[in-house]
Each structure stands twice: as structure tokens, then as C-alpha cells.
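Data from work.csv: CSV, C-alpha atoms and all ligand atoms
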```csv
chain,number,residue,atom,x,y,z
A,1,MET,CA,32.0,-1.6,-17.8
A,2,SER,CA,31.5,-1.7,-14.1
A,3,THR,CA,32.1,-5.0,-12.3
A,4,TYR,CA,28.9,-4.6,-10.4
A,5,LYS,CA,26.8,-4.1,-13.5
A,6,LYS,CA,28.4,-7.2,-15.0
A,7,LEU,CA,27.6,-9.2,-11.9
A,8,ILE,CA,24.0,-8.0,-11.7
A,9,ASP,CA,23.4,-8.5,-15.4
A,10,LYS,CA,24.8,-12.0,-15.1
A,11,TYR,CA,23.2,-13.2,-11.9
A,12,GLU,CA,20.0,-11.3,-11.3
A,13,VAL,CA,16.6,-12.3,-12.6
A,14,ASN,CA,16.1,-9.6,-15.1
A,15,VAL,CA,12.8,-8.2,-13.9
A,16,TYR,CA,13.8,-4.5,-13.6
A,17,PRO,CA,14.2,-2.1,-16.5
A,18,LYS,CA,17.6,-0.7,-15.3
A,19,ARG,CA,19.3,2.7,-15.3
A,20,ASP,CA,22.9,2.8,-16.3
A,21,VAL,CA,24.3,3.7,-12.9
A,22,VAL,CA,25.6,1.9,-9.8
A,23,ILE,CA,24.4,3.7,-6.7
A,24,VAL,CA,26.6,3.1,-3.7
A,25,LYS,CA,25.9,5.7,-1.1
A,26,GLY,CA,23.2,8.1,0.1
A,27,SER,CA,22.7,10.9,2.6
A,28,GLY,CA,19.6,13.2,2.9
A,29,ALA,CA,18.4,14.1,-0.6
A,30,LYS,CA,21.7,13.0,-2.3
A,31,VAL,CA,23.0,9.7,-3.6
A,32,TRP,CA,26.4,8.9,-5.2
A,33,ASP,CA,27.4,6.4,-7.8
A,34,GLU,CA,30.5,4.2,-7.8
A,35,ASN,CA,32.5,7.0,-9.6
A,36,GLY,CA,31.6,9.5,-6.9
A,37,LYS,CA,29.1,11.4,-9.1
A,38,GLU,CA,26.5,13.1,-7.0
A,39,TYR,CA,22.7,13.1,-7.7
A,40,ILE,CA,19.7,14.9,-6.3
A,41,ASP,CA,17.5,11.9,-5.6
A,42,CYS,CA,13.8,12.6,-6.5
A,43,THR,CA,13.0,8.9,-6.3
A,44,VAL,CA,14.4,8.0,-2.8
A,45,GLY,CA,13.8,4.3,-3.3
A,46,ILE,CA,10.4,4.9,-4.9
A,47,GLY,CA,9.1,7.2,-2.2
A,48,VAL,CA,10.8,5.3,0.7
A,49,ALA,CA,13.4,7.6,2.2
A,50,THR,CA,11.0,10.5,2.8
A,51,ILE,CA,13.1,11.4,5.9
A,52,GLY,CA,16.3,11.3,3.7
A,53,HIS,CA,18.8,8.6,2.9
A,54,CYS,CA,20.6,7.2,6.0
A,55,ASN,CA,18.7,9.5,8.3
A,56,PRO,CA,21.0,9.5,11.4
A,57,LYS,CA,18.2,8.8,13.8
A,58,VAL,CA,17.2,5.7,11.9
A,59,SER,CA,20.8,4.6,11.3
A,60,GLU,CA,21.5,4.9,15.1
A,61,ALA,CA,18.3,3.0,16.0
A,62,ILE,CA,19.1,0.2,13.6
A,63,ALA,CA,22.7,0.0,14.8
A,64,GLU,CA,21.6,-0.1,18.5
A,65,GLN,CA,18.8,-2.6,18.0
A,66,SER,CA,21.1,-4.9,15.8
A,67,LYS,CA,23.2,-5.4,18.9
A,68,THR,CA,20.2,-6.0,21.2
A,69,LEU,CA,17.7,-8.2,19.4
A,70,ILE,CA,17.2,-8.6,15.7
A,71,THR,CA,14.5,-11.2,15.4
A,72,ASN,CA,11.5,-12.2,17.5
A,73,PRO,CA,8.4,-13.8,16.1
A,74,GLY,CA,4.9,-12.6,16.9
A,75,ILE,CA,4.2,-15.4,19.3
A,76,PHE,CA,6.4,-13.6,21.9
A,77,TYR,CA,5.8,-10.1,23.2
A,78,ASN,CA,8.5,-7.6,22.5
A,79,ASP,CA,9.3,-4.1,23.7
A,80,LYS,CA,10.0,-2.5,20.3
A,81,ARG,CA,7.0,-4.0,18.6
A,82,ALA,CA,4.8,-2.8,21.4
A,83,LEU,CA,6.1,0.8,21.2
A,84,MET,CA,5.9,0.8,17.4
A,85,LEU,CA,2.3,-0.3,17.4
A,86,GLU,CA,1.4,2.4,20.0
A,87,LYS,CA,3.0,5.0,17.8
A,88,LEU,CA,1.5,3.8,14.6
A,89,ILE,CA,-2.0,3.8,16.0
A,90,SER,CA,-1.5,7.3,17.6
A,91,ILE,CA,-0.8,8.9,14.2
A,92,SER,CA,-3.4,6.9,12.1
A,93,PRO,CA,-6.9,8.0,11.2
A,94,LYS,CA,-9.0,7.7,14.4
A,95,SER,CA,-11.1,4.8,12.9
A,96,LEU,CA,-8.0,2.6,13.1
A,97,THR,CA,-7.1,0.9,16.4
A,98,LYS,CA,-5.0,-2.2,15.7
A,99,ALA,CA,-2.3,-3.2,13.2
A,100,PHE,CA,-0.8,-6.3,11.6
A,101,ILE,CA,2.9,-5.6,10.8
A,102,THR,CA,4.4,-6.9,7.5
A,103,ASN,CA,7.7,-6.6,5.6
A,104,SER,CA,6.5,-5.0,2.4
A,105,GLY,CA,3.6,-3.2,0.9
A,106,THR,CA,2.2,-6.1,-1.1
A,107,GLU,CA,2.0,-8.2,2.1
A,108,ALA,CA,0.0,-5.5,3.8
A,109,VAL,CA,-2.5,-5.6,0.9
A,110,GLU,CA,-2.6,-9.4,1.0
A,111,ALA,CA,-3.4,-9.2,4.7
A,112,ALA,CA,-6.1,-6.6,4.0
A,113,ILE,CA,-7.7,-8.8,1.3
A,114,LYS,CA,-7.8,-11.8,3.7
A,115,PHE,CA,-9.0,-9.7,6.6
A,116,ALA,CA,-11.9,-8.3,4.5
A,117,ARG,CA,-13.0,-11.7,3.4
A,118,ILE,CA,-12.9,-13.3,6.8
A,119,THR,CA,-14.6,-10.3,8.4
A,120,THR,CA,-17.5,-10.1,5.9
A,121,GLY,CA,-17.8,-13.7,4.9
A,122,LYS,CA,-18.0,-12.3,1.3
A,123,THR,CA,-15.5,-12.9,-1.5
A,124,ASP,CA,-15.3,-10.0,-4.0
A,125,PHE,CA,-13.4,-6.8,-4.4
A,126,ILE,CA,-13.6,-3.6,-6.4
A,127,SER,CA,-10.6,-1.5,-7.2
A,128,ALA,CA,-9.7,1.3,-9.5
A,129,MET,CA,-8.4,1.5,-13.0
A,130,ARG,CA,-4.8,2.7,-13.0
A,131,GLY,CA,-4.6,1.6,-9.4
A,132,PHE,CA,-1.5,-0.2,-8.1
A,133,HIS,CA,-1.4,-2.4,-5.1
A,134,GLY,CA,1.5,-4.8,-5.5
A,135,ARG,CA,2.9,-7.8,-7.3
A,136,THR,CA,1.9,-10.9,-5.2
A,137,MET,CA,-1.1,-12.8,-6.4
A,138,GLY,CA,-3.8,-11.2,-4.2
A,139,ALA,CA,-2.4,-7.6,-4.5
A,140,LEU,CA,-1.8,-8.2,-8.2
A,141,SER,CA,-5.4,-9.2,-8.6
A,142,ALA,CA,-6.4,-5.7,-7.3
A,143,THR,CA,-3.8,-4.1,-9.6
A,144,HIS,CA,-5.2,-2.8,-12.9
A,145,LYS,CA,-2.3,-2.7,-15.3
A,146,GLU,CA,-2.6,-5.4,-18.0
A,147,GLU,CA,1.2,-5.6,-18.5
A,148,TYR,CA,1.7,-6.7,-14.9
A,149,ARG,CA,-1.2,-9.2,-15.0
A,150,THR,CA,-0.9,-11.1,-18.2
A,151,SER,CA,1.0,-14.4,-18.2
A,152,PHE,CA,0.2,-14.9,-14.5
A,153,GLU,CA,-3.5,-15.8,-14.8
A,154,PRO,CA,-5.5,-17.3,-13.3
A,155,LEU,CA,-5.3,-14.6,-10.6
A,156,VAL,CA,-7.4,-14.5,-7.5
A,157,PRO,CA,-11.1,-14.5,-8.7
A,158,GLY,CA,-13.6,-11.9,-7.7
A,159,PHE,CA,-11.9,-8.6,-8.6
A,160,THR,CA,-13.4,-5.9,-10.8
A,161,PHE,CA,-12.1,-2.5,-11.8
A,162,VAL,CA,-14.0,0.8,-12.1
A,163,ALA,CA,-12.9,4.3,-13.2
A,164,PHE,CA,-11.2,6.1,-10.4
A,165,ASN,CA,-13.1,9.1,-8.8
A,166,LYS,CA,-16.4,8.2,-10.6
A,167,ILE,CA,-18.9,7.3,-7.9
A,168,ASP,CA,-21.6,6.1,-10.3
A,169,LYS,CA,-19.3,3.5,-11.8
A,170,LEU,CA,-18.4,2.3,-8.4
A,171,LYS,CA,-22.1,2.0,-7.3
A,172,GLU,CA,-22.9,0.0,-10.4
A,173,ALA,CA,-20.1,-2.5,-9.7
A,174,ILE,CA,-21.3,-3.4,-6.2
A,175,THR,CA,-23.0,-6.8,-5.7
A,176,GLU,CA,-24.1,-8.8,-2.6
A,177,LYS,CA,-20.7,-10.5,-2.8
A,178,THR,CA,-18.6,-7.4,-2.5
A,179,ALA,CA,-16.3,-7.8,0.6
A,180,GLY,CA,-14.0,-4.8,0.0
A,181,ILE,CA,-13.3,-1.7,-2.0
A,182,ILE,CA,-9.5,-1.0,-2.4
A,183,LEU,CA,-8.4,2.5,-3.4
A,184,GLU,CA,-5.4,4.8,-3.3
A,185,VAL,CA,-6.1,8.4,-2.2
A,186,VAL,CA,-3.6,9.6,-4.8
A,187,GLN,CA,-2.8,7.0,-7.5
A,188,GLY,CA,1.0,6.8,-7.6
A,189,GLU,CA,2.0,4.4,-10.3
A,190,GLY,CA,-1.1,5.3,-12.2
A,191,GLY,CA,0.1,8.9,-12.8
A,192,ILE,CA,-0.5,11.0,-9.6
A,193,ASN,CA,-4.3,11.1,-9.9
A,194,ILE,CA,-5.9,12.7,-6.9
A,195,GLY,CA,-9.4,11.7,-5.8
A,196,ASP,CA,-11.8,14.3,-4.3
A,197,LYS,CA,-13.6,14.6,-1.0
A,198,GLU,CA,-17.2,14.1,-2.4
A,199,TYR,CA,-16.0,10.9,-3.9
A,200,PHE,CA,-14.4,9.5,-0.8
A,201,ASP,CA,-17.4,10.7,1.3
A,202,GLU,CA,-19.7,8.7,-0.9
A,203,VAL,CA,-17.5,5.7,-0.9
A,204,ARG,CA,-17.5,5.6,2.9
A,205,LYS,CA,-21.3,5.8,2.9
A,206,ILE,CA,-21.7,3.0,0.3
A,207,CYS,CA,-19.3,0.8,2.3
A,208,ASP,CA,-21.3,1.4,5.5
A,209,GLU,CA,-24.7,0.8,3.8
A,210,ASN,CA,-23.5,-2.5,2.2
A,211,LYS,CA,-21.2,-3.8,4.9
A,212,ILE,CA,-18.2,-3.5,2.7
A,213,ILE,CA,-14.7,-3.1,4.1
A,214,LEU,CA,-13.0,0.2,2.9
A,215,ILE,CA,-9.3,-0.5,2.3
A,216,ILE,CA,-7.3,2.6,1.6
A,217,ASP,CA,-3.8,2.0,0.2
A,218,GLU,CA,-1.5,4.6,1.6
A,219,ILE,CA,1.7,2.7,0.8
A,220,GLN,CA,3.0,5.5,-1.4
A,221,SER,CA,1.1,8.5,-0.1
A,222,GLY,CA,1.6,7.8,3.6
A,223,PHE,CA,4.1,9.2,6.1
A,224,CYS,CA,4.2,12.9,5.2
A,225,ARG,CA,4.6,12.5,1.4
A,226,THR,CA,1.5,14.5,0.5
A,227,GLY,CA,1.8,17.2,3.2
A,228,LYS,CA,-0.2,15.3,5.8
A,229,MET,CA,0.9,12.3,7.9
A,230,PHE,CA,-1.6,10.3,5.7
A,231,ALA,CA,-3.3,11.5,2.5
A,232,CYS,CA,-6.6,10.4,4.1
A,233,GLU,CA,-6.4,13.5,6.3
A,234,HIS,CA,-6.8,15.8,3.3
A,235,PHE,CA,-10.3,14.4,2.8
A,236,ASP,CA,-11.1,13.2,6.3
A,237,ILE,CA,-11.3,9.6,5.1
A,238,GLN,CA,-11.9,7.0,7.9
A,239,PRO,CA,-10.8,3.6,6.4
A,240,ASP,CA,-11.6,0.2,7.8
A,241,ILE,CA,-8.1,-0.9,6.8
A,242,MET,CA,-5.2,1.3,5.8
A,243,THR,CA,-2.2,-0.3,4.1
A,244,VAL,CA,1.2,1.3,4.6
A,245,ALA,CA,4.8,0.5,3.9
A,246,LYS,CA,7.4,2.4,1.8
A,247,ALA,CA,8.4,5.5,4.0
A,248,ILE,CA,7.4,4.0,7.4
A,249,ALA,CA,10.9,3.1,8.5
A,250,GLY,CA,13.1,5.5,6.6
A,251,GLY,CA,14.2,2.8,4.1
A,252,PHE,CA,14.1,-0.4,6.2
A,253,PRO,CA,11.5,-2.8,4.8
A,254,VAL,CA,8.4,-2.6,6.9
A,255,GLY,CA,4.7,-2.5,6.2
A,256,ALA,CA,1.4,-2.7,8.0
A,257,ALA,CA,-2.3,-3.3,7.6
A,258,ILE,CA,-3.8,-0.9,10.1
A,259,CYS,CA,-7.4,-2.0,11.1
A,260,SER,CA,-10.5,-0.6,12.7
A,261,ASP,CA,-12.5,-2.5,15.4
A,262,LYS,CA,-14.6,-4.0,12.6
A,263,ILE,CA,-11.7,-6.3,11.7
A,264,ASP,CA,-11.4,-9.2,14.1
A,265,ILE,CA,-9.2,-12.1,13.0
A,266,PRO,CA,-9.3,-15.4,14.9
A,267,THR,CA,-6.0,-16.5,16.4
A,268,GLY,CA,-3.9,-18.7,14.1
A,269,LYS,CA,-5.5,-17.5,10.8
A,270,HIS,CA,-2.7,-15.3,9.6
A,271,GLY,CA,1.0,-14.6,10.3
A,272,SER,CA,4.5,-13.7,9.2
A,273,THR,CA,7.9,-14.9,10.4
A,274,PHE,CA,9.6,-11.5,10.0
A,275,GLY,CA,6.5,-9.3,10.5
A,276,GLY,CA,7.0,-7.0,13.4
A,277,ASN,CA,10.6,-7.9,14.0
A,278,PRO,CA,12.5,-5.7,16.5
A,279,LEU,CA,14.9,-4.2,14.0
A,280,GLY,CA,12.1,-3.0,11.7
A,281,ALA,CA,10.1,-1.8,14.7
A,282,ALA,CA,13.1,0.2,16.0
A,283,ALA,CA,13.6,1.8,12.6
A,284,SER,CA,9.9,2.6,12.3
A,285,ILE,CA,9.8,4.3,15.8
A,286,ALA,CA,12.9,6.4,14.9
A,287,ALA,CA,11.5,7.3,11.5
A,288,ILE,CA,8.0,8.3,12.8
A,289,ASP,CA,9.6,10.3,15.7
A,290,PHE,CA,11.8,12.2,13.1
A,291,MET,CA,8.6,13.0,11.1
A,292,LEU,CA,6.8,14.3,14.2
A,293,GLU,CA,9.7,16.2,15.7
A,294,ASN,CA,10.5,18.0,12.4
A,295,ASN,CA,6.9,18.6,11.4
A,296,LEU,CA,7.8,16.9,8.1
A,297,ALA,CA,4.2,16.9,6.8
A,298,LYS,CA,4.2,20.7,6.8
A,299,GLN,CA,7.6,20.7,5.2
A,300,ALA,CA,6.4,18.4,2.4
A,301,GLU,CA,3.3,20.6,1.9
A,302,GLU,CA,5.4,23.9,1.7
A,303,LYS,CA,8.1,22.4,-0.4
A,304,GLY,CA,5.7,20.7,-2.8
A,305,ASN,CA,3.8,24.0,-3.4
A,306,TYR,CA,7.0,26.0,-3.7
A,307,PHE,CA,8.4,23.6,-6.3
A,308,VAL,CA,5.3,23.5,-8.4
A,309,SER,CA,5.0,27.3,-8.3
A,310,LYS,CA,8.4,27.4,-10.2
A,311,PHE,CA,6.7,26.2,-13.4
A,312,ASP,CA,4.5,28.0,-15.8
A,313,VAL,CA,2.9,25.3,-17.9
A,314,ASP,CA,1.9,27.7,-20.7
A,315,LYS,CA,5.6,28.4,-21.3
A,316,LEU,CA,6.6,24.7,-21.4
A,317,SER,CA,5.9,23.4,-24.9
A,318,LYS,CA,6.5,19.7,-23.8
A,319,VAL,CA,4.2,19.8,-20.8
A,320,ARG,CA,0.5,19.1,-20.7
A,321,GLY,CA,0.0,19.7,-17.0
A,322,ILE,CA,1.5,19.5,-13.5
A,323,ARG,CA,-0.3,18.1,-10.5
A,324,ASN,CA,0.8,17.5,-6.9
A,325,LEU,CA,-0.3,16.8,-3.5
A,326,GLY,CA,2.7,17.9,-1.3
A,327,LEU,CA,5.8,16.2,-2.6
A,328,MET,CA,3.9,13.6,-4.7
A,329,ILE,CA,4.5,15.4,-8.0
A,330,GLY,CA,3.5,14.4,-11.6
A,331,ILE,CA,4.5,16.3,-14.7
A,332,GLU,CA,2.5,15.1,-17.6
A,333,LEU,CA,4.4,15.4,-20.9
A,334,LYS,CA,3.1,15.4,-24.4
A,335,GLU,CA,5.6,12.7,-25.3
A,336,LYS,CA,7.3,9.7,-23.8
A,337,VAL,CA,9.1,10.4,-20.6
A,338,GLN,CA,11.9,7.8,-20.8
A,339,PRO,CA,14.5,9.9,-22.8
A,340,TYR,CA,13.9,12.8,-20.3
A,341,LEU,CA,14.7,10.5,-17.4
A,342,VAL,CA,18.0,9.6,-19.0
A,343,GLU,CA,18.8,13.3,-19.7
A,344,LEU,CA,18.0,14.2,-16.1
A,345,MET,CA,20.3,11.5,-14.8
A,346,GLU,CA,23.1,12.9,-16.9
A,347,LYS,CA,22.5,16.3,-15.3
A,348,GLY,CA,22.6,14.8,-11.8
A,349,ILE,CA,18.9,14.3,-11.0
A,350,LEU,CA,17.1,11.0,-10.4
A,351,ALA,CA,13.4,10.9,-11.3
A,352,MET,CA,10.9,8.2,-12.2
A,353,PRO,CA,8.1,7.6,-14.7
A,354,ALA,CA,4.4,6.9,-13.8
A,355,GLY,CA,3.1,5.4,-16.9
A,356,LYS,CA,4.5,6.3,-20.3
A,357,THR,CA,4.2,10.1,-20.3
A,358,ILE,CA,4.2,11.2,-16.7
A,359,LEU,CA,7.4,12.3,-15.0
A,360,ARG,CA,7.1,11.4,-11.3
A,361,LEU,CA,9.1,13.2,-8.6
A,362,LEU,CA,9.1,12.0,-5.1
A,363,PRO,CA,11.9,14.1,-3.4
A,364,PRO,CA,12.5,13.6,0.3
A,365,ALA,CA,10.8,16.0,2.6
A,366,VAL,CA,14.2,17.0,4.0
A,367,ILE,CA,15.3,18.3,0.6
A,368,SER,CA,16.8,21.8,0.7
A,369,TYR,CA,15.1,24.7,-1.2
A,370,GLU,CA,18.4,25.1,-3.0
A,371,ASP,CA,18.1,21.6,-4.4
A,372,LEU,CA,14.5,22.1,-5.3
A,373,ASP,CA,15.6,25.3,-7.2
A,374,LYS,CA,18.2,23.3,-9.1
A,375,VAL,CA,15.8,20.5,-10.1
A,376,ALA,CA,13.2,23.1,-11.2
A,377,GLU,CA,15.8,25.0,-13.2
A,378,VAL,CA,17.0,21.9,-15.1
A,379,LEU,CA,13.4,20.8,-15.7
A,380,ASN,CA,12.3,24.2,-16.9
A,381,ASP,CA,15.2,24.3,-19.3
A,382,MET,CA,14.6,20.7,-20.6
A,383,LEU,CA,10.8,21.0,-21.1
A,384,LYS,CA,10.6,24.5,-22.6
A,401,LIG,C1,4.7,0.3,-3.9
A,401,LIG,C2,3.2,0.1,-3.7
A,401,LIG,C3,2.7,-1.1,-3.3
A,401,LIG,C4,3.5,-2.3,-3.2
A,401,LIG,O1,4.5,-2.2,-2.2
A,401,LIG,P1,5.8,-3.3,-2.2
A,401,LIG,O2,6.5,-2.9,-1.0
A,401,LIG,O3,6.6,-3.0,-3.5
A,401,LIG,O4,5.2,-4.6,-2.2
A,401,LIG,C5,1.3,-1.2,-3.1
A,401,LIG,N1,0.5,-0.1,-3.3
A,401,LIG,C6,1.0,1.1,-3.6
A,401,LIG,C7,0.1,2.3,-3.7
A,401,LIG,C8,2.4,1.3,-3.8
A,401,LIG,O5,2.9,2.5,-4.2
```
Let's see the structure in the file written out as C-alpha cells.
Amino acid sequence: MSTYKKLIDKYEVNVYPKRDVVIVKGSGAKVWDENGKEYIDCTVGIGVATIGHCNPKVSEAIAEQSKTLITNPGIFYNDKRALMLEKLISISPKSLTKAFITNSGTEAVEAAIKFARITTGKTDFISAMRGFHGRTMGALSATHKEEYRTSFEPLVPGFTFVAFNKIDKLKEAITEKTAGIILEVVQGEGGINIGDKEYFDEVRKICDENKIILIIDEIQSGFCRTGKMFACEHFDIQPDIMTVAKAIAGGFPVGAAICSDKIDIPTGKHGSTFGGNPLGAAASIAAIDFMLENNLAKQAEEKGNYFVSKFDVDKLSKVRGIRNLGLMIGIELKEKVQPYLVELMEKGILAMPAGKTILRLLPPAVISYEDLDKVAEVLNDMLK
């Protein structure tokens, strides 16, 4: 058995259900294990390396910045943080004008929860069944899955859940205490469930009428994944706060709560030691530049549609349905997905579950058509 597996099994808190492989290297859509076996990576760090593993532009920016200035807290101005903020706002929905930078997705959601409470003076939140927003106490309180929540109660009080994409259920749940509504545009962990425009239009209206902060979680769907820079653009959603992370910096841990003018936080009320550090900011600038220079959103749209067109669900006895928005792809099986993930890995393809029966594919937007063909061929053979 691999020394590295032994060390991890011995010394790591065992929170992750693990695959039997030691990944040591990545480039573009490929990763390699310690024995040199090559994989087409349709997980890319759970939707993180959308611009490809070790994107040269990001690697160079990190290398350069690491020799210039690595850390700088928010109490001092900084060149890279300034340029990152300007870039982030320039690509965000037009309602959003300011950002708080974090180091992860869950921290962005924590910030959004605090910002909504302090802005409205109200306490409660509504989020969606099957929604996922993170693992820290606040974000977990907005996360639906029972398995993630039990044993950690009491969570933050004031959170309720309603069926996703059902406007009547949402309306019924609103009270005079509702401070915020937290929704994904496309539920990632929850099984690639896509909301529709009428729903989001109504949600926006309800939030305006009741002085509720609309928090859209684009942590998984953001940065070209769905065929737009942000999934919001598909439905012209104008959030009050948009949370982002995952793909923002090409693999480097960065997140943000991007806010509209409604959000106004008194100085000293929130903060983060590492948030907005120059290294993460330099990586973010390089990653976003790469996305814009290469029209990566369009690539994700075209490649996602091309990939899905390779499947004929009627001819696949093990498949109930396929859904996608760009390269956020879910194949719903009629049985448990886990054994198929193992088989795919043996055949040199890394994929993920979303729930028990959904095979989730998040290939990088830089993946070649040749690799997409290969993945489609293996899947079609496996699921027939
Ligand atoms: C991954 C994810 C999070 C949590 O992000 P972390 O960086 O793991 O804390 C929150 N919301 C959504 C939609 C996600 O996909």
C-alpha cells in the first residue's frame, strides 16, 4: 500500500469518504496519480479548476506575487487587492458594487448571513431543500441535508427550508422576521437542479416588497461553469449579495461576498486575517483574465451542449435523465452511483456524485473535444 495513503489514514481526521488513489500532479483537464496513471478530471477539485489544473497564467501570477508580498491584512491598502476588487465588480451582475473577500465558500456565506442581519435588523432566513451552502455553523444552518446537520445542533436559529423553484411555498414561509432568502441558481450538491426565470423574477419581487436581502450562492455555478460568467445571467437575476469561491482563482482558495449598495456594514463589525491577501488576489486576477481572454463562458456552453448531445437517454437502460447548464452536468441513474464512480476511475475518468443516484460531471472549460468524446464513449458503454 502507498506510503501516502498510510500516512493520511493514520494522521488525518477521517471526514472524507476517500477514493483509492493518490493524485500528485495536474495539467489542464488531466491529473496523474503516484504511479503515473493519467485521468481525465471531471471533478477539477469540485468545480474549482475550471480554467484547468495549473493554468500557466495563474501559476506565474502566484510565483511572481509570492516573491513580492504574500500577506497583507485589510487594514492596509494593497495594489493587488484593489485590482482584484475592480475586476470582480466589473464582471458581476450590475446590482453588485462592493465585495468582502474571504478564503472559502462557507466564509462568504457566513458574511452574507451577517450582512443580511445587520442591514435589515431582522433575524430569519429561508433557503431551499436540497440546497448546499457550506459546513460552518451559519452556512450549515442554511444547508438542507440532514446527514450534514445532525449531531451538530443547536445550529443558528431562524432558518427554514422550502421546496426549490416553487414560489408559493416560498411566499408562505415569509414572516416579518425574514432577513434573507438564500438560493443557488443551479443546485450543485443537491443534484444539478436548475431554477427557472419566472421563479427568480418572483423571488426578486418578493424580496423588494418585504425588504428581504436576496442572497444568491454562485459558489459552484460561478466563473463560466454554466456557460455564463455567473449563472445569474441566464435569468437576469440581480442579487443583493452574491457568494462566490471555488473557481475564482483557478484553484487557489479565495471566496467573496459581493454586495449591492443596500449592504452597508459599520467599520469593525466583520473581518478576516487572510481575506483579500495579495497572493489570492493575484491568482484571482490572473484566473478571471484568462476566462475573459479565452471567452471561457462560451466554451463551457458549447462544450456542455456538445457533450450532452452525445447521449440518447432512451438507449441507456441505467439512466433516468440528463440535465446540464453548460458544463454543470448531472446524469440521473436508476441505481446508486458509487460503483460507477469506481468503474470510471479504473477507466481513467474522475467524476463525482451529487446525492445517491446522480453522477455529477464538472469538467474544466478548457477540456478538449477529444477528451469529451472519450468520457462520453466510456459513459455510454457503461450505462447502456
Ligand atoms: C462548495 C460550496 C459551498 C461551500 O464552499 P467551501 O469553499 O467548501 O466552504 C457553498 N455553496 C455552494 C453552492 C457550494 O457548491
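Distances from A:Gly280, A:Ile51, A:Asn210, A:Gln187 to Glu293 (chain A) were compared using all atoms listed in the file, and the smallest one belongs to A:Ile51.
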Checklist entry - Can you tell me which residues sit at most 10 Å away from ligand LIG 401 (chain A), counting all atoms listed in the file, written as a PyMOL selection string? => result chain A and resi 45-48+102-110+131-136+139-140+142-143+183-190+216-222+243-247+253-255
Checklist entry - So which residues touch Ala297 (chain A) within 6 Å, counting only C-alpha atoms, skipping near sequence neighbours fewer than 5 positions away, as number ranges by chain? => result A: 224, 227-229
Restricting it to C-alpha atoms, dump the selection as a short mmCIF file (atom, residue, chain, number, x, y, z; two decimals), in the frame of the given file.
```
data_model
loop_
_atom_site.label_atom_id
_atom_site.label_comp_id
_atom_site.auth_asym_id
_atom_site.auth_seq_id
_atom_site.Cartn_x
_atom_site.Cartn_y
_atom_site.Cartn_z
CA CYS A 224 4.20 12.90 5.20
CA GLY A 227 1.80 17.20 3.20
CA LYS A 228 -0.20 15.30 5.80
CA MET A 229 0.90 12.30 7.90
#
```
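Distances from A:Lys262, A:Lys211, A:Lys98, A:Lys57 to Met84 (chain A) were compared using all atoms listed in the file, and the smallest one belongs to A:Lys98.
Comparing the minimum interatomic distances between Val162 (chain A) and each of A:Glu147, A:Val44, A:Leu7, A:Met129, counting only C-alpha atoms, we find that A:Met129 sits nearest.
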Kindly compute an axis-aligned box around the listed atoms of region 142-157 of chain A, allowing 6 Å on each side, and express its centre and edge lengths in Å to one decimal as lines of an AutoDock Vina configuration file.
```
center_x = -4.7
center_y = -10.0
center_z = -12.9
size_x = 24.8
size_y = 26.6
size_z = 23.2
```
Next on the checklist: Please list as a PyMOL selection string every residue within 10 Å of Val378 (chain A), counting all atoms listed in the file and excluding residues in the same chain fewer than 2 positions away.
Outcome noted: chain A and resi 343-344+347-349+373-376+380-383
Checklist entry - Between A:Val366, A:Ala283, A:Ile331, A:Ala354, which has the minimum distance to Asn295 (chain A) (counting only C-alpha atoms)? => result A:Val366
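Minimum atom-to-atom distance to Lys94 (chain A), evaluated using only C-alpha atoms, belongs to A:Phe230 out of A:Phe230, A:Phe274, A:Tyr4, A:Phe252.
We find CA of Thr226 (chain A) and CA of Ala63 (chain A) to be spaced 29.4 Å apart.
Taking only C-alpha atoms into account, Gly52 (chain A) lies nearest to A:Ala287 out of the set A:Ala287, A:Leu170, A:Val313, A:Cys232.
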Next on the checklist: As an exercise, work out the distance from CA of Phe311 (chain A) to CA of Gly355 (chain A) in Å and give it to one decimal place.
Outcome noted: 21.4 Å
Checklist entry - What is the CA of Glu346 (chain A)-CA of Glu34 (chain A) distance in Å, reported with one decimal? => result 14.6 Å
Checklist entry - Which residues, written as a PyMOL selection string, have at least one atom at most 6 Å from Asp33 (chain A), with all atoms listed in the file counted and residues fewer than 3 positions away on the same chain left out? => result chain A and resi 22-24+36-37
Next on the checklist: Neighbouring residues of Ala281 (chain A) were defined as those with any atom within 6 Å, considering only C-alpha atoms; residues of the same chain fewer than 2 positions away were excluded. Please report them as JSON, numbers by chain.
Outcome noted: {"A": [80, 81, 84, 278, 279, 283, 284]}
Next on the checklist: Taking (-0.4, -13.9, -14.9) as a centre in this file's frame and 12 Å as the limit, can you find every polymer residue with an atom that close, using all atoms listed in the file, and give them as number ranges by chain?
Outcome noted: A: 135-138, 140-141, 143, 145-156
